[in-house]
Structure formats: structure tokens, C-alpha cells
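What's in protein20.cif: mmCIF, C-alpha atoms
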```cif
data_work
#
loop_
_atom_site.label_atom_id
_atom_site.label_comp_id
_atom_site.auth_asym_id
_atom_site.auth_seq_id
_atom_site.Cartn_x
_atom_site.Cartn_y
_atom_site.Cartn_z
CA MET A 1 34.20 23.97 -30.05
CA THR A 2 35.13 26.40 -27.27
CA HIS A 3 37.69 26.47 -24.48
CA GLU A 4 36.44 29.63 -22.80
CA PRO A 5 33.25 30.89 -21.16
CA GLY A 6 30.52 31.03 -23.78
CA TRP A 7 29.19 34.30 -22.38
CA LYS A 8 32.11 36.07 -24.10
CA LYS A 9 30.59 35.21 -27.46
CA LYS A 10 27.06 36.39 -26.68
CA SER A 11 25.65 39.81 -27.56
CA GLN A 12 23.32 41.64 -25.21
CA GLU A 13 20.34 40.53 -27.30
CA GLU A 14 21.47 36.91 -27.16
CA ARG A 15 21.97 37.13 -23.41
CA GLU A 16 18.40 38.35 -23.05
CA SER A 17 17.19 35.32 -25.01
CA ILE A 18 19.18 33.04 -22.71
CA PHE A 19 17.66 34.55 -19.58
CA LEU A 20 14.15 34.42 -21.03
CA PHE A 21 14.57 30.75 -21.96
CA SER A 22 15.72 29.97 -18.42
CA GLU A 23 12.46 31.29 -16.95
CA GLY A 24 10.50 28.63 -18.80
CA TYR A 25 13.09 26.07 -17.78
CA LYS A 26 12.73 26.93 -14.08
CA THR A 27 8.94 26.69 -14.32
CA PHE A 28 9.26 23.25 -15.91
CA LEU A 29 11.59 22.09 -13.12
CA ASP A 30 9.09 23.21 -10.48
CA ARG A 31 6.12 21.53 -12.14
CA ALA A 32 7.79 18.30 -13.27
CA LYS A 33 9.50 16.86 -10.20
CA THR A 34 8.43 13.28 -10.97
CA GLU A 35 8.32 11.27 -14.18
CA ARG A 36 4.49 11.27 -14.23
CA GLU A 37 4.41 15.04 -13.82
CA ALA A 38 7.02 15.42 -16.56
CA VAL A 39 4.92 13.36 -18.96
CA ARG A 40 1.85 15.47 -18.25
CA ARG A 41 3.78 18.69 -18.89
CA ILE A 42 5.30 17.28 -22.09
CA LEU A 43 1.90 16.18 -23.40
CA GLN A 44 0.35 19.55 -22.61
CA ASP A 45 3.10 21.44 -24.40
CA LEU A 46 3.13 19.19 -27.45
CA SER A 47 -0.66 19.31 -27.70
CA ASN A 48 -0.43 23.09 -27.79
CA HIS A 49 1.95 22.73 -30.74
CA GLY A 50 -0.30 20.51 -32.86
CA PHE A 51 0.80 17.03 -31.81
CA SER A 52 -1.86 14.32 -31.84
CA GLU A 53 -2.19 10.70 -30.70
CA ASP A 54 -3.34 9.81 -34.23
CA PRO A 55 -0.54 7.75 -35.84
CA ALA A 56 -1.51 9.17 -39.24
CA ALA A 57 -0.87 12.78 -38.19
CA GLY A 58 2.21 14.70 -39.25
CA LYS A 59 3.08 15.25 -35.60
CA VAL A 60 2.40 12.28 -33.32
CA VAL A 61 2.79 11.81 -29.57
CA GLN A 62 2.00 8.70 -27.55
CA THR A 63 2.57 7.69 -23.95
CA ASN A 64 3.46 4.43 -22.26
CA ARG A 65 1.85 3.96 -18.82
CA GLY A 66 2.11 7.64 -18.01
CA LYS A 67 5.89 7.43 -17.57
CA GLU A 68 7.34 7.38 -21.09
CA THR A 69 6.54 9.54 -24.11
CA ILE A 70 7.61 9.51 -27.74
CA ALA A 71 7.02 12.40 -30.14
CA PHE A 72 7.34 12.00 -33.93
CA VAL A 73 7.55 14.65 -36.65
CA LYS A 74 7.26 13.47 -40.26
CA GLY A 75 10.09 14.63 -42.50
CA GLU A 76 10.40 15.17 -46.23
CA GLN A 77 12.33 11.96 -46.76
CA ASN A 78 10.85 8.50 -46.45
CA PRO A 79 11.28 7.18 -42.88
CA ALA A 80 12.97 4.17 -44.47
CA GLU A 81 16.02 6.40 -44.89
CA GLY A 82 16.30 6.63 -41.12
CA CYS A 83 15.31 9.19 -38.51
CA ASN A 84 17.00 11.78 -36.32
CA ILE A 85 16.47 10.63 -32.75
CA ILE A 86 17.13 12.29 -29.41
CA VAL A 87 16.43 10.50 -26.13
CA ALA A 88 16.38 12.02 -22.63
CA HIS A 89 15.33 10.54 -19.32
CA ILE A 90 12.64 11.99 -17.06
CA ASP A 91 13.39 10.13 -13.84
CA ALA A 92 15.73 11.53 -11.19
CA PRO A 93 17.37 10.31 -7.96
CA ARG A 94 14.93 10.54 -5.06
CA LEU A 95 13.34 8.70 -2.15
CA ASP A 96 10.33 6.41 -2.69
CA LEU A 97 7.91 5.46 0.07
CA LYS A 98 7.89 1.75 0.85
CA GLN A 99 4.64 -0.12 0.27
CA ASN A 100 3.98 -0.37 4.02
CA PRO A 101 5.58 2.91 5.10
CA LEU A 102 3.72 4.13 8.18
CA TYR A 103 4.90 3.36 11.70
CA GLU A 104 5.09 5.06 15.06
CA ASP A 105 8.03 5.41 17.43
CA VAL A 106 8.83 7.68 20.41
CA GLY A 107 5.51 9.43 19.92
CA LEU A 108 6.15 10.37 16.30
CA GLY A 109 4.53 9.22 13.06
CA LEU A 110 7.17 8.18 10.50
CA LEU A 111 7.27 6.92 6.91
CA LYS A 112 9.82 4.39 5.68
CA THR A 113 11.52 5.14 2.35
CA HIS A 114 13.72 3.35 -0.16
CA TYR A 115 16.13 5.54 -2.10
CA TYR A 116 16.02 5.46 -5.90
CA GLY A 117 19.14 5.91 -8.02
CA GLY A 118 22.60 7.00 -6.95
CA ILE A 119 22.31 9.41 -4.05
CA LYS A 120 24.59 10.57 -1.25
CA LYS A 121 22.31 9.71 1.65
CA TYR A 122 23.67 12.41 3.95
CA GLN A 123 22.46 15.10 1.52
CA TRP A 124 18.82 14.21 2.14
CA VAL A 125 18.57 14.81 5.89
CA ALA A 126 17.61 17.97 7.80
CA MET A 127 15.99 19.69 4.83
CA PRO A 128 12.39 20.46 3.76
CA LEU A 129 10.89 17.69 1.63
CA ALA A 130 7.65 17.31 -0.32
CA ILE A 131 5.73 14.22 -1.35
CA HIS A 132 4.36 13.70 -4.87
CA GLY A 133 2.56 10.56 -5.84
CA THR A 134 -0.21 8.49 -7.32
CA ILE A 135 -2.34 6.14 -5.23
CA VAL A 136 -4.46 3.66 -7.18
CA LYS A 137 -7.46 2.17 -5.40
CA THR A 138 -8.79 -1.30 -6.13
CA ASP A 139 -11.65 0.14 -8.21
CA GLY A 140 -9.06 1.70 -10.54
CA ARG A 141 -9.48 5.28 -9.37
CA ALA A 142 -6.19 7.17 -9.07
CA VAL A 143 -5.61 9.76 -6.35
CA GLU A 144 -2.94 12.35 -7.12
CA LEU A 145 -1.05 13.63 -4.10
CA VAL A 146 1.23 16.68 -3.84
CA ILE A 147 2.03 18.06 -0.38
CA GLY A 148 4.79 20.51 0.40
CA GLU A 149 5.04 22.66 -2.73
CA GLU A 150 2.71 25.53 -1.81
CA GLU A 151 3.69 28.18 0.72
CA THR A 152 0.73 27.17 2.91
CA ASP A 153 1.55 23.43 2.73
CA PRO A 154 3.33 21.57 5.49
CA VAL A 155 6.69 20.06 4.57
CA PHE A 156 8.43 16.93 5.81
CA SER A 157 11.96 16.11 6.89
CA ILE A 158 14.39 13.35 7.79
CA ASP A 159 15.96 13.83 11.18
CA ASP A 160 19.73 14.06 11.60
CA LEU A 161 21.80 13.58 14.74
CA LEU A 162 23.00 16.58 16.71
CA PRO A 163 26.81 17.05 16.65
CA HIS A 164 26.93 16.81 20.45
CA LEU A 165 26.11 13.09 20.25
CA SER A 166 27.36 12.03 16.82
CA ARG A 167 31.04 11.22 17.48
CA LYS A 168 30.72 7.42 17.68
CA THR A 169 27.50 7.00 15.74
CA GLN A 170 28.48 9.09 12.71
CA ASP A 171 31.71 11.07 12.91
CA GLU A 172 34.06 8.08 13.08
CA LYS A 173 32.44 6.36 10.08
CA LYS A 174 33.02 6.75 6.38
CA LEU A 175 30.90 9.51 4.88
CA SER A 176 28.93 6.95 2.86
CA GLU A 177 28.09 5.03 6.05
CA ALA A 178 27.14 7.93 8.32
CA ILE A 179 23.49 7.74 7.26
CA ASP A 180 22.06 4.24 6.87
CA GLY A 181 19.49 3.71 4.13
CA GLU A 182 16.96 2.36 6.62
CA LYS A 183 17.27 5.56 8.65
CA LEU A 184 15.95 7.70 5.79
CA THR A 185 12.54 7.84 7.48
CA LEU A 186 10.25 10.79 6.92
CA LEU A 187 8.91 12.74 9.91
CA PHE A 188 5.17 12.83 9.15
CA GLY A 189 3.19 13.79 12.25
CA SER A 190 3.04 13.90 16.04
CA ILE A 191 -0.54 14.45 17.30
CA PRO A 192 -2.16 11.35 18.83
CA VAL A 193 -5.81 10.40 18.82
CA VAL A 194 -7.16 11.16 22.29
CA GLY A 195 -8.13 8.02 24.17
CA GLU A 196 -6.02 5.66 22.08
CA GLU A 197 -3.09 3.91 23.73
CA LYS A 198 -1.53 2.07 20.80
CA GLU A 199 -0.46 3.65 17.49
CA ALA A 200 -2.38 6.80 18.44
CA VAL A 201 -0.32 9.08 16.19
CA SER A 202 -0.54 6.68 13.26
CA LYS A 203 -4.30 6.48 13.65
CA HIS A 204 -4.54 10.26 13.59
CA ILE A 205 -2.43 10.40 10.41
CA LEU A 206 -4.59 7.75 8.73
CA GLY A 207 -7.69 9.69 9.73
CA LEU A 208 -6.32 12.81 8.05
CA LEU A 209 -5.43 10.89 4.88
CA GLY A 210 -8.91 9.39 4.79
CA ASP A 211 -10.70 12.70 5.35
CA ARG A 212 -8.61 14.72 2.90
CA TYR A 213 -7.81 12.23 0.15
CA GLY A 214 -10.23 9.32 0.62
CA ILE A 215 -7.49 6.74 1.08
CA VAL A 216 -6.95 4.00 3.65
CA GLU A 217 -3.68 2.42 4.76
CA GLU A 218 -4.10 -0.57 2.43
CA ASP A 219 -4.21 1.80 -0.56
CA LEU A 220 -0.56 2.68 0.02
CA VAL A 221 0.36 -0.81 -1.19
CA SER A 222 -0.72 0.22 -4.71
CA SER A 223 0.91 3.62 -4.68
CA GLU A 224 3.97 5.33 -6.07
CA ILE A 225 4.84 8.20 -3.74
CA GLU A 226 8.09 10.04 -4.26
CA VAL A 227 9.89 12.24 -1.75
CA VAL A 228 11.60 15.23 -3.36
CA PRO A 229 13.05 18.56 -2.19
CA ALA A 230 10.34 21.07 -1.31
CA PHE A 231 12.12 24.14 -2.65
CA LYS A 232 11.71 25.71 -6.08
CA ALA A 233 14.28 26.37 -8.81
CA ARG A 234 16.26 29.51 -8.11
CA ASP A 235 18.72 31.78 -9.88
CA VAL A 236 22.25 31.26 -8.57
CA GLY A 237 24.99 33.89 -8.51
CA ILE A 238 24.95 37.66 -8.14
CA ASP A 239 24.76 37.82 -11.95
CA ARG A 240 21.89 35.28 -12.06
CA SER A 241 23.88 33.26 -14.60
CA MET A 242 23.09 29.83 -13.13
CA VAL A 243 20.09 27.75 -12.07
CA GLY A 244 19.95 25.77 -8.85
CA ALA A 245 17.26 23.10 -8.60
CA TYR A 246 16.39 19.48 -7.98
CA GLY A 247 16.19 17.05 -10.92
CA GLN A 248 18.33 18.81 -13.50
CA ASP A 249 19.77 15.38 -14.29
CA ASP A 250 18.20 14.94 -16.74
CA ARG A 251 15.57 17.67 -17.07
CA ALA A 252 18.38 19.93 -18.25
CA SER A 253 18.03 17.81 -21.40
CA VAL A 254 14.29 17.13 -21.27
CA TYR A 255 13.18 20.76 -21.42
CA PRO A 256 15.50 21.77 -24.30
CA LEU A 257 14.42 18.65 -26.22
CA LEU A 258 10.74 19.42 -25.60
CA LYS A 259 11.20 22.97 -26.90
CA ALA A 260 13.20 21.78 -29.91
CA ILE A 261 10.78 19.07 -31.08
CA SER A 262 7.75 21.31 -30.56
CA GLU A 263 9.17 24.14 -32.67
CA ILE A 264 10.43 22.37 -35.79
CA GLY A 265 8.29 22.51 -38.94
CA THR A 266 8.83 19.87 -41.63
CA PRO A 267 12.40 18.61 -41.29
CA LEU A 268 14.39 16.83 -43.97
CA ARG A 269 14.47 13.56 -42.01
CA SER A 270 11.69 12.35 -39.74
CA CYS A 271 12.41 13.12 -36.08
CA LEU A 272 11.82 11.32 -32.81
CA ALA A 273 12.04 12.76 -29.31
CA ILE A 274 12.00 9.99 -26.70
CA PHE A 275 11.40 10.79 -23.03
CA ILE A 276 12.10 7.66 -20.99
CA ASP A 277 11.92 6.44 -17.41
CA LYS A 278 14.15 4.27 -15.22
CA GLU A 279 17.53 5.44 -16.55
CA GLU A 280 18.81 6.09 -13.04
CA ILE A 281 18.40 2.41 -12.09
CA GLY A 282 19.88 0.83 -15.20
CA SER A 283 17.02 1.24 -17.69
CA GLU A 284 15.14 -1.77 -16.36
CA GLY A 285 11.37 -2.17 -16.68
CA ASN A 286 8.71 -1.61 -19.33
CA THR A 287 8.89 2.21 -19.33
CA SER A 288 12.65 2.29 -19.86
CA MET A 289 14.81 2.47 -22.97
CA LYS A 290 14.95 -1.33 -22.95
CA SER A 291 11.16 -1.64 -23.33
CA ALA A 292 9.37 -2.53 -26.57
CA PHE A 293 7.50 0.79 -26.70
CA LEU A 294 9.75 2.40 -29.33
CA ARG A 295 9.25 -0.47 -31.78
CA ILE A 296 5.49 -0.59 -31.14
CA PHE A 297 5.21 3.17 -31.62
CA LEU A 298 7.16 3.10 -34.87
CA ASP A 299 5.14 0.15 -36.14
CA ASP A 300 1.91 2.16 -35.65
CA VAL A 301 3.32 5.27 -37.30
CA LEU A 302 4.70 3.37 -40.31
CA GLN A 303 1.55 1.33 -40.86
CA GLU A 304 -0.56 4.47 -40.98
CA ARG A 305 1.69 5.78 -43.76
CA ALA A 306 1.20 2.62 -45.82
CA ALA A 307 4.85 1.88 -45.30
CA LYS A 308 6.19 -1.61 -45.07
CA SER A 309 6.41 -2.31 -41.35
CA SER A 310 7.90 -5.74 -41.11
CA GLU A 311 10.47 -6.53 -38.46
CA SER A 312 13.12 -6.50 -41.17
CA PHE A 313 12.07 -3.05 -42.36
CA MET A 314 12.07 -1.75 -38.78
CA ARG A 315 15.59 -3.03 -38.14
CA LYS A 316 16.91 -1.40 -41.33
CA MET A 317 15.19 1.90 -40.58
CA LEU A 318 16.67 2.06 -37.07
CA PHE A 319 20.07 0.99 -38.40
CA ARG A 320 20.04 3.99 -40.78
CA SER A 321 19.00 6.40 -38.06
CA ARG A 322 21.32 8.63 -36.08
CA ALA A 323 20.84 9.71 -32.49
CA LEU A 324 21.87 11.80 -29.52
CA SER A 325 21.71 10.45 -26.01
CA ALA A 326 20.75 13.65 -24.22
CA ASP A 327 22.28 13.42 -20.77
CA VAL A 328 24.25 15.70 -18.50
CA ASN A 329 27.91 15.46 -17.54
CA GLY A 330 29.81 16.48 -14.43
CA ALA A 331 31.40 19.93 -14.71
CA VAL A 332 34.79 20.59 -13.14
CA ASN A 333 34.07 21.19 -9.46
CA PRO A 334 36.09 24.12 -8.09
CA MET A 335 36.30 22.45 -4.66
CA PHE A 336 37.32 19.01 -5.95
CA GLN A 337 39.33 19.66 -9.10
CA ASP A 338 41.64 16.69 -8.51
CA VAL A 339 38.98 14.16 -9.62
CA HIS A 340 38.94 15.69 -13.11
CA GLU A 341 41.50 15.46 -15.91
CA LYS A 342 41.00 19.08 -16.77
CA GLN A 343 42.28 18.96 -20.34
CA ASN A 344 39.45 16.51 -21.14
CA ALA A 345 36.77 17.74 -18.76
CA CYS A 346 33.77 20.00 -19.28
CA TYR A 347 33.25 23.36 -17.60
CA LEU A 348 30.16 25.19 -16.44
CA GLY A 349 29.26 27.99 -18.83
CA TYR A 350 31.40 26.73 -21.71
CA GLY A 351 28.44 25.32 -23.65
CA LEU A 352 26.90 21.95 -24.43
CA CYS A 353 29.20 19.00 -23.65
CA VAL A 354 29.72 16.20 -26.20
CA THR A 355 30.86 13.00 -24.47
CA LYS A 356 32.39 10.53 -26.94
CA PHE A 357 32.26 7.64 -24.46
CA THR A 358 31.08 6.89 -20.95
CA GLY A 359 31.62 3.78 -18.82
CA HIS A 360 34.33 3.27 -16.22
CA GLY A 361 37.94 2.11 -16.13
CA GLY A 362 38.86 0.85 -19.58
CA LYS A 363 35.62 2.19 -21.12
CA VAL A 364 33.70 -0.75 -19.62
CA GLY A 365 29.98 -0.50 -20.37
CA ALA A 366 30.48 2.42 -22.75
CA ASN A 367 29.06 3.42 -26.08
CA ASP A 368 32.16 4.80 -27.83
CA ALA A 369 31.01 6.97 -30.75
CA HIS A 370 32.84 6.61 -34.05
CA ALA A 371 35.14 9.38 -35.27
CA GLU A 372 33.09 9.75 -38.45
CA TYR A 373 29.95 10.44 -36.43
CA ILE A 374 31.69 12.93 -34.15
CA ALA A 375 32.80 14.78 -37.29
CA GLU A 376 29.20 14.85 -38.49
CA ILE A 377 28.03 16.30 -35.16
CA ARG A 378 30.82 18.90 -35.33
CA ARG A 379 29.63 19.94 -38.75
CA ILE A 380 26.01 20.34 -37.60
CA PHE A 381 26.89 22.33 -34.49
CA GLU A 382 29.48 24.54 -36.13
CA LYS A 383 27.17 25.38 -39.03
CA GLU A 384 24.67 26.81 -36.53
CA GLY A 385 27.27 28.46 -34.31
CA ILE A 386 26.52 26.25 -31.32
CA ILE A 387 28.79 26.81 -28.32
CA TRP A 388 29.97 23.35 -27.32
CA GLN A 389 32.83 21.49 -25.69
CA THR A 390 33.97 17.92 -25.10
CA GLY A 391 34.34 16.20 -21.77
CA GLU A 392 34.85 12.90 -19.98
CA LEU A 393 33.30 12.04 -16.62
CA GLY A 394 36.32 12.33 -14.33
CA LYS A 395 39.76 10.76 -14.37
CA ILE A 396 40.09 7.28 -15.79
CA ASP A 397 40.09 5.28 -12.56
CA GLU A 398 38.20 7.79 -10.42
CA GLY A 399 34.75 6.36 -11.10
CA GLY A 400 32.44 6.65 -14.09
CA GLY A 401 28.88 6.28 -15.23
CA GLY A 402 26.62 5.22 -18.06
CA THR A 403 23.66 6.37 -20.15
CA VAL A 404 21.04 4.89 -22.47
CA ALA A 405 23.28 5.35 -25.52
CA LYS A 406 24.39 1.74 -25.55
CA TYR A 407 20.80 0.48 -25.75
CA LEU A 408 20.00 2.50 -28.87
CA ALA A 409 23.39 1.54 -30.32
CA GLU A 410 22.21 -2.08 -30.29
CA TYR A 411 19.96 -1.18 -33.24
CA GLY A 412 23.10 -0.28 -35.20
CA MET A 413 22.51 3.47 -35.35
CA ASP A 414 25.24 6.01 -34.65
CA ILE A 415 24.77 7.73 -31.30
CA VAL A 416 26.76 9.99 -28.99
CA ASP A 417 26.09 11.47 -25.55
CA CYS A 418 25.68 15.20 -25.17
CA GLY A 419 24.11 17.54 -22.64
CA ALA A 420 24.70 20.35 -20.20
CA PRO A 421 27.45 20.15 -17.56
CA LEU A 422 26.25 20.19 -13.94
CA LEU A 423 27.78 20.88 -10.55
CA THR A 424 26.73 18.77 -7.52
CA MET A 425 25.05 16.22 -9.80
CA HIS A 426 22.58 13.83 -8.13
CA SER A 427 22.23 16.14 -5.14
CA PRO A 428 18.93 17.76 -4.11
CA PHE A 429 20.24 21.08 -5.49
CA GLU A 430 22.11 20.70 -8.78
CA ILE A 431 23.69 23.70 -10.51
CA SER A 432 23.58 24.45 -14.25
CA SER A 433 24.58 27.40 -16.41
CA LYS A 434 21.77 29.20 -18.20
CA LEU A 435 24.02 29.52 -21.23
CA ASP A 436 24.64 25.77 -21.36
CA ILE A 437 20.90 25.00 -21.14
CA TYR A 438 20.17 27.40 -24.00
CA GLU A 439 22.96 26.01 -26.16
CA THR A 440 21.62 22.51 -25.48
CA TYR A 441 18.26 23.62 -26.89
CA ARG A 442 19.90 25.19 -29.94
CA ALA A 443 22.03 22.09 -30.54
CA PHE A 444 19.07 19.70 -30.29
CA LYS A 445 17.04 21.79 -32.71
CA ALA A 446 19.94 21.96 -35.16
CA PHE A 447 20.38 18.18 -35.01
CA LEU A 448 16.69 17.43 -35.53
CA GLU A 449 16.51 19.77 -38.52
CA SER A 450 19.73 18.47 -40.13
#
```
Target encoding C-alpha cells, full file:
Amino acid sequence: MTHEPGWKKKSQEERESIFLFSEGYKTFLDRAKTEREAVRRILQDLSNHGFSEDPAAGKVVQTNRGKETIAFVKGEQNPAEGCNIIVAHIDAPRLDLKQNPLYEDVGLGLLKTHYYGGIKKYQWVAMPLAIHGTIVKTDGRAVELVIGEEETDPVFSIDDLLPHLSRKTQDEKKLSEAIDGEKLTLLFGSIPVVGEEKEAVSKHILGLLGDRYGIVEEDLVSSEIEVVPAFKARDVGIDRSMVGAYGQDDRASVYPLLKAISEIGTPLRSCLAIFIDKEEIGSEGNTSMKSAFLRIFLDDVLQERAAKSSESFMRKMLFRSRALSADVNGAVNPMFQDVHEKQNACYLGYGLCVTKFTGHGGKVGANDAHAEYIAEIRRIFEKEGIIWQTGELGKIDEGGGGTVAKYLAEYGMDIVDCGAPLLTMHSPFEISSKLDIYETYRAFKAFLES
């Protein structure tokens, strides 16, 4: 465990490895801005490393509805002895288009949105935005849509109020009330169809969507279109020591886990890497950690190995497993240090953060890892020279948060939260340390191979 910047412990050669790793990380962030895109990137990478959908293979990967993926690597020991499991979530706070989004007002074409996850609404106005989505037509054909990511693409934006007129409407309100959720409407177009008097701009927009993508307005009802920041991941700092990007909660865990599971050979214990959806909204739905997909996946894998796969066997196997809930934590913010109890907080650049418990207030809603398991994690990390720290999410009564750890804990396995610290978490431009991301990868690999 460290209480100083991890860079002090890194040689020049190690620093070069950190910077090289971060280039792949930034590419992943740019190409996996939605959960569907993340799954496609994960499948592509794992396929390149010998993973197959065949449950009988030594390395197995399967997907649930294009939004959840589990990868399995067979170990030397019988899976009945338990597995090493790491779970990370691939969804991120964003704006979703409503099912009937298009309308016209004051000569402008606009799209209604509904925010997803915990956002500060004021952070999403007056900035370039892109749309990524899947539109499924009634014949089952899916149309993939990405607009705003290429230099030649148009971008979109949500209008804010000029300061000359905002005193009563915004300035005298609480910050959380200055931007109403229903006002997060996307500016989408402004040219009308000549000769049309009603909804002329909307008709022009629908004409463009039909010509370019073959979709009609009714198709938007069966669509999932996400609004995300249009900018790419960038180096931050004159020393390029940090990464600034959208969606690092929790892709700062997803990418290191992907690299770790793809690189291990034959570990002692069988390993599972679980990439799940819907964490940001409480893990509800059939692609979340609460879904039955994990049990169905394991049942297929165990049956193909002629293992006993009864419900009783499955419960015992999961009970004997051990896990990491790979999720980020909030680093001490230099501008708002008073919300942290700094003796028990995590710091940017000090390494991977192990979070013994989450929740709020009196540890409400928390998974509180046992001391024996924390000692085991210490042993694994220290054996491999991992740079790590501990940290809580803020002062006791300042707020709080939760992860998927408690859902895996219901199986009886030991589990603890750990991941990279972030600044400006849940904003469109989160900040991470390249060192912390690299140490997260090293820690995950060490755990899987232990």
C-alpha cells in the first residue's frame, strides 16, 4: 500500500509501459462509448486471443442481448473449488432519446431526451454532442447510427440561456434546479421543407433520416439512441500523465479487465470476467448483474465439462469463489477537499484504490468486505508489487454510492470493490491517472492468476 504518488516508484522503462498502455485505453474509450459498442470491442479482442462461444473450449465468451458479456478461462483446479471472478460495468451516465423524440418549436427541429444515471444536468449543455444508437425495424433489421464522431460529421448541442437573461430563470435557483430535465432537448436541425407550413423542419429532418438511413419516424419507437460527448479521449497535463474522457466510470475498469483476461494462460483457478450493463441505474433488467445470465452461462460451461451442474452444485461453486467488484472511486478533488476525509480517501496517481465498503451514512446498502479477505487481497497485490491504496467515497454523511458487489455477495462469495480513482466522476469529461489505470490492469491480472 502506498501513501505517495506512484510515479516515484516507477523506472523510466516502467513509465514507458504505462504510457503505451494508455494509448490502447484511449482508443477503447473512443470506440466504446455505449454498452453495445463496448461489447463489440470486447468480443473482437477476445476472439483475437482465442476465445470461442463453444462452452467446451478452454476459453469461452458469450453475450447476452448485445449488452452483457462473460468470459471464462479454464483453470488447473476443478471449477467446483470456486473461481476467481472480476465484474465491471459497461454502461455510463448519458442522455437517451425518448421514444417519440422529434418536435419543432420556434423554427428549430429538436429531440427530447431522458437522462440515464446520476448526472449533473448543467454539465451537459452548450457542448458538442454525438448520437450513437441502434434502431430495430419491424422486420428485425437493425440500423446502427453514429453521428458526430468524425471530423466531417455534424454535432449536436443542448442550448443554454445567455447570462444577460438568466438571473430569475437560473441564477437564483439551486444549481441542481437551474437546468430542468425536460429542457435537455437536442438541437437537431433548422432547414424547413419549402412549401410546407406545419412541421416543415421536422419533415425535412425525417426526409434526411429516410434517405440516409432508411428509417421512418415510427422506427424511433423501437430504438435505443444515446447522446454522448462528441470529443475524443485526450492526454491531460503538461506531462501527459492523465487521461480526460467520457465514460471512464467504469471503462477505467473494463479495459484493464479485458486486457487481463485476454492475456492469462492456464491459471490455477478458473477465471470469469463479467462485463455487465445497467449498473448506473441500480442493476435492474435482464442485462444487469441481477439477471440470470451468469448462472445460465456457468451451467453451459459446467455441463460441457461433464461436471455436475445441479442448482446445489452451482450454489456451492459460487460460494467458494472469490471476486473483485471492479469500479472506480472518487479521488480527492483539489477544489473541493472538504467533502473528503483525507486520511481515508484515495488520491489520483497513488495507484489502484481498494474500497472495503460503499453505501451511505451508516454503511447502508454496502458490501463490507471481511478483514480476512482484505488480507488475502493485500497478499496478492504485494507479492506482485502492485501500487495500491485504500479509500472511502467521501465523508460519512456527505453522500455515498453503491456498486454491484452486494449482488455477487448474495451467492456467499468474498468480494471487495477496487478500481482507479477519478476526478469529476459522472461528468462528460472524467479525469484518470495513467499510472492508476496501468496498476488496475496489473492488479486484475495478478488476482485472476492467483
Compile the contact shell of Pro101 of chain A as a list in words: residues with an atom at most 7 Å away, counting only C-alpha atoms, same-chain residues fewer than 5 positions apart removed.
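In the requested form, the answer reads Leu111, Lys112 and Thr113 of chain A.
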Applying 8 Å and only C-alpha atoms, which residues near Leu220 of chain A remain after dropping the ones on its own chain fewer than 5 positions away? List them as an MDAnalysis selection string.
chainID A and resid 99:101 135
Distance atom CA of Pro154 of chain A-atom CA of Ala130 of chain A, one decimal place?
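It comes out at 8.4 Å.
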Pick out the closest residue to His340 of chain A from this set: A:Met242, A:Val354, A:Val364, A:Leu393. Count all atoms listed in the file.
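Among A:Met242, A:Val354, A:Val364, A:Leu393, it is A:Leu393 that comes nearest to His340 of chain A.
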Using only C-alpha atoms, determine which residues lie at most 8 Å from segment 12-24 of chain A, disregarding the query and same-chain residues fewer than 4 positions distant; provide the list as a PyMOL selection string.
chain A and resi 7+28+434-435+437-438
Here atom CA of Cys271 of chain A and atom CA of Ala71 of chain A stand apart by 8.1 Å
If you take only C-alpha atoms and a cut-off of 12 Å, which residues of segment 97-186 of chain A touch segment 245-255 of chain A, and what are their nearest atom pairs and distances in Å to one decimal, in chain and number order, as CSV?
```
residue,atom,partner,partner_atom,distance
A:Gly117,CA,A:Asp249,CA,11.4
A:Gly118,CA,A:Asp249,CA,11.5
A:Ile119,CA,A:Gly247,CA,12.0
A:Trp124,CA,A:Tyr246,CA,11.7
A:Leu129,CA,A:Tyr246,CA,11.2
A:Ala130,CA,A:Tyr246,CA,11.8
```
Could you check how far atom CA of Gly140 of chain A sits from atom CA of Lys67 of chain A, in Å to one decimal?
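One can read the atom CA of Gly140 of chain A to atom CA of Lys67 of chain A distance as 17.5 Å.
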Might you pull out every residue within 10 Å of Ala273 of chain A, with only C-alpha atoms counted and same-chain residues fewer than 2 positions away left off, and present them as number ranges by chain?
A: 61, 69-73, 84-88, 254, 257-258, 260-262, 271, 275-276, 323-324, 444, 448
Keeping only C-alpha atoms, take the residues you just selected and write them out as a short mmCIF file (atom, residue, chain, number, x, y, z; two decimals), in the coordinates of the input.
```
data_model
loop_
_atom_site.label_atom_id
_atom_site.label_comp_id
_atom_site.auth_asym_id
_atom_site.auth_seq_id
_atom_site.Cartn_x
_atom_site.Cartn_y
_atom_site.Cartn_z
CA VAL A 61 2.79 11.81 -29.57
CA THR A 69 6.54 9.54 -24.11
CA ILE A 70 7.61 9.51 -27.74
CA ALA A 71 7.02 12.40 -30.14
CA PHE A 72 7.34 12.00 -33.93
CA VAL A 73 7.55 14.65 -36.65
CA ASN A 84 17.00 11.78 -36.32
CA ILE A 85 16.47 10.63 -32.75
CA ILE A 86 17.13 12.29 -29.41
CA VAL A 87 16.43 10.50 -26.13
CA ALA A 88 16.38 12.02 -22.63
CA VAL A 254 14.29 17.13 -21.27
CA LEU A 257 14.42 18.65 -26.22
CA LEU A 258 10.74 19.42 -25.60
CA ALA A 260 13.20 21.78 -29.91
CA ILE A 261 10.78 19.07 -31.08
CA SER A 262 7.75 21.31 -30.56
CA CYS A 271 12.41 13.12 -36.08
CA PHE A 275 11.40 10.79 -23.03
CA ILE A 276 12.10 7.66 -20.99
CA ALA A 323 20.84 9.71 -32.49
CA LEU A 324 21.87 11.80 -29.52
CA PHE A 444 19.07 19.70 -30.29
CA LEU A 448 16.69 17.43 -35.53
#
```
For Phe156 of chain A, work out the shell of residues within 8 Å, counting only C-alpha atoms and skipping chain neighbours fewer than 6 positions away, then give it as a ChimeraX atom specification.
/A:128-130,148,186-188
Go through the shown structure with the PyMOL selection byres ((chain A and resi 428-431) around 6) and write out the matching residues as a ChimeraX atom specification.
/A:243-246,422-425,427,432
Here's the selection I'm unsure about, the PyMOL selection byres ((chain A and resi 131-133) around 8); applied to the file above, which residues does it give, as an NGL selection string?
:A and (34 or 129-130 or 134-135 or 144-148 or 223-228)
I need the output of the PyMOL selection byres ((chain A and resi 286-292) around 10) for this file as a ChimeraX atom specification; which residues are they?
/A:63-69,87-89,91,274-285,293-297,404-408
Between A:Leu184, A:Glu449, A:Met314, A:Ser321, which one has atoms that come closest to Glu81 of chain A, using all atoms listed in the file?
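Ranked by minimum distance to Glu81 of chain A, first place goes to A:Ser321.
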Residue with the minimum atom-to-atom distance to Leu208 of chain A, picked from A:Leu348, A:Val193, A:Lys26, A:Ser222 with all atoms listed in the file counted, is A:Val193
Nearest to Asp414 of chain A, chosen from A:Gly207, A:Gly349, A:Gly58, A:Gly82, with only C-alpha atoms counted in the distances:
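Ranking A:Gly207, A:Gly349, A:Gly58, A:Gly82 by distance to Asp414 of chain A, first place goes to A:Gly82.
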Among A:Ala142, A:Glu149, A:Val416, A:Tyr411, Asp327 of chain A is approached most closely, using only C-alpha atoms, by A:Val416
Selected residue, from A:Glu151, A:Glu384, A:Glu196, A:Glu398, that lies nearest to Arg442 of chain A when counting all atoms listed in the file:
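Once distances to Arg442 of chain A are computed over all atoms listed in the file, the minimum belongs to A:Glu384.
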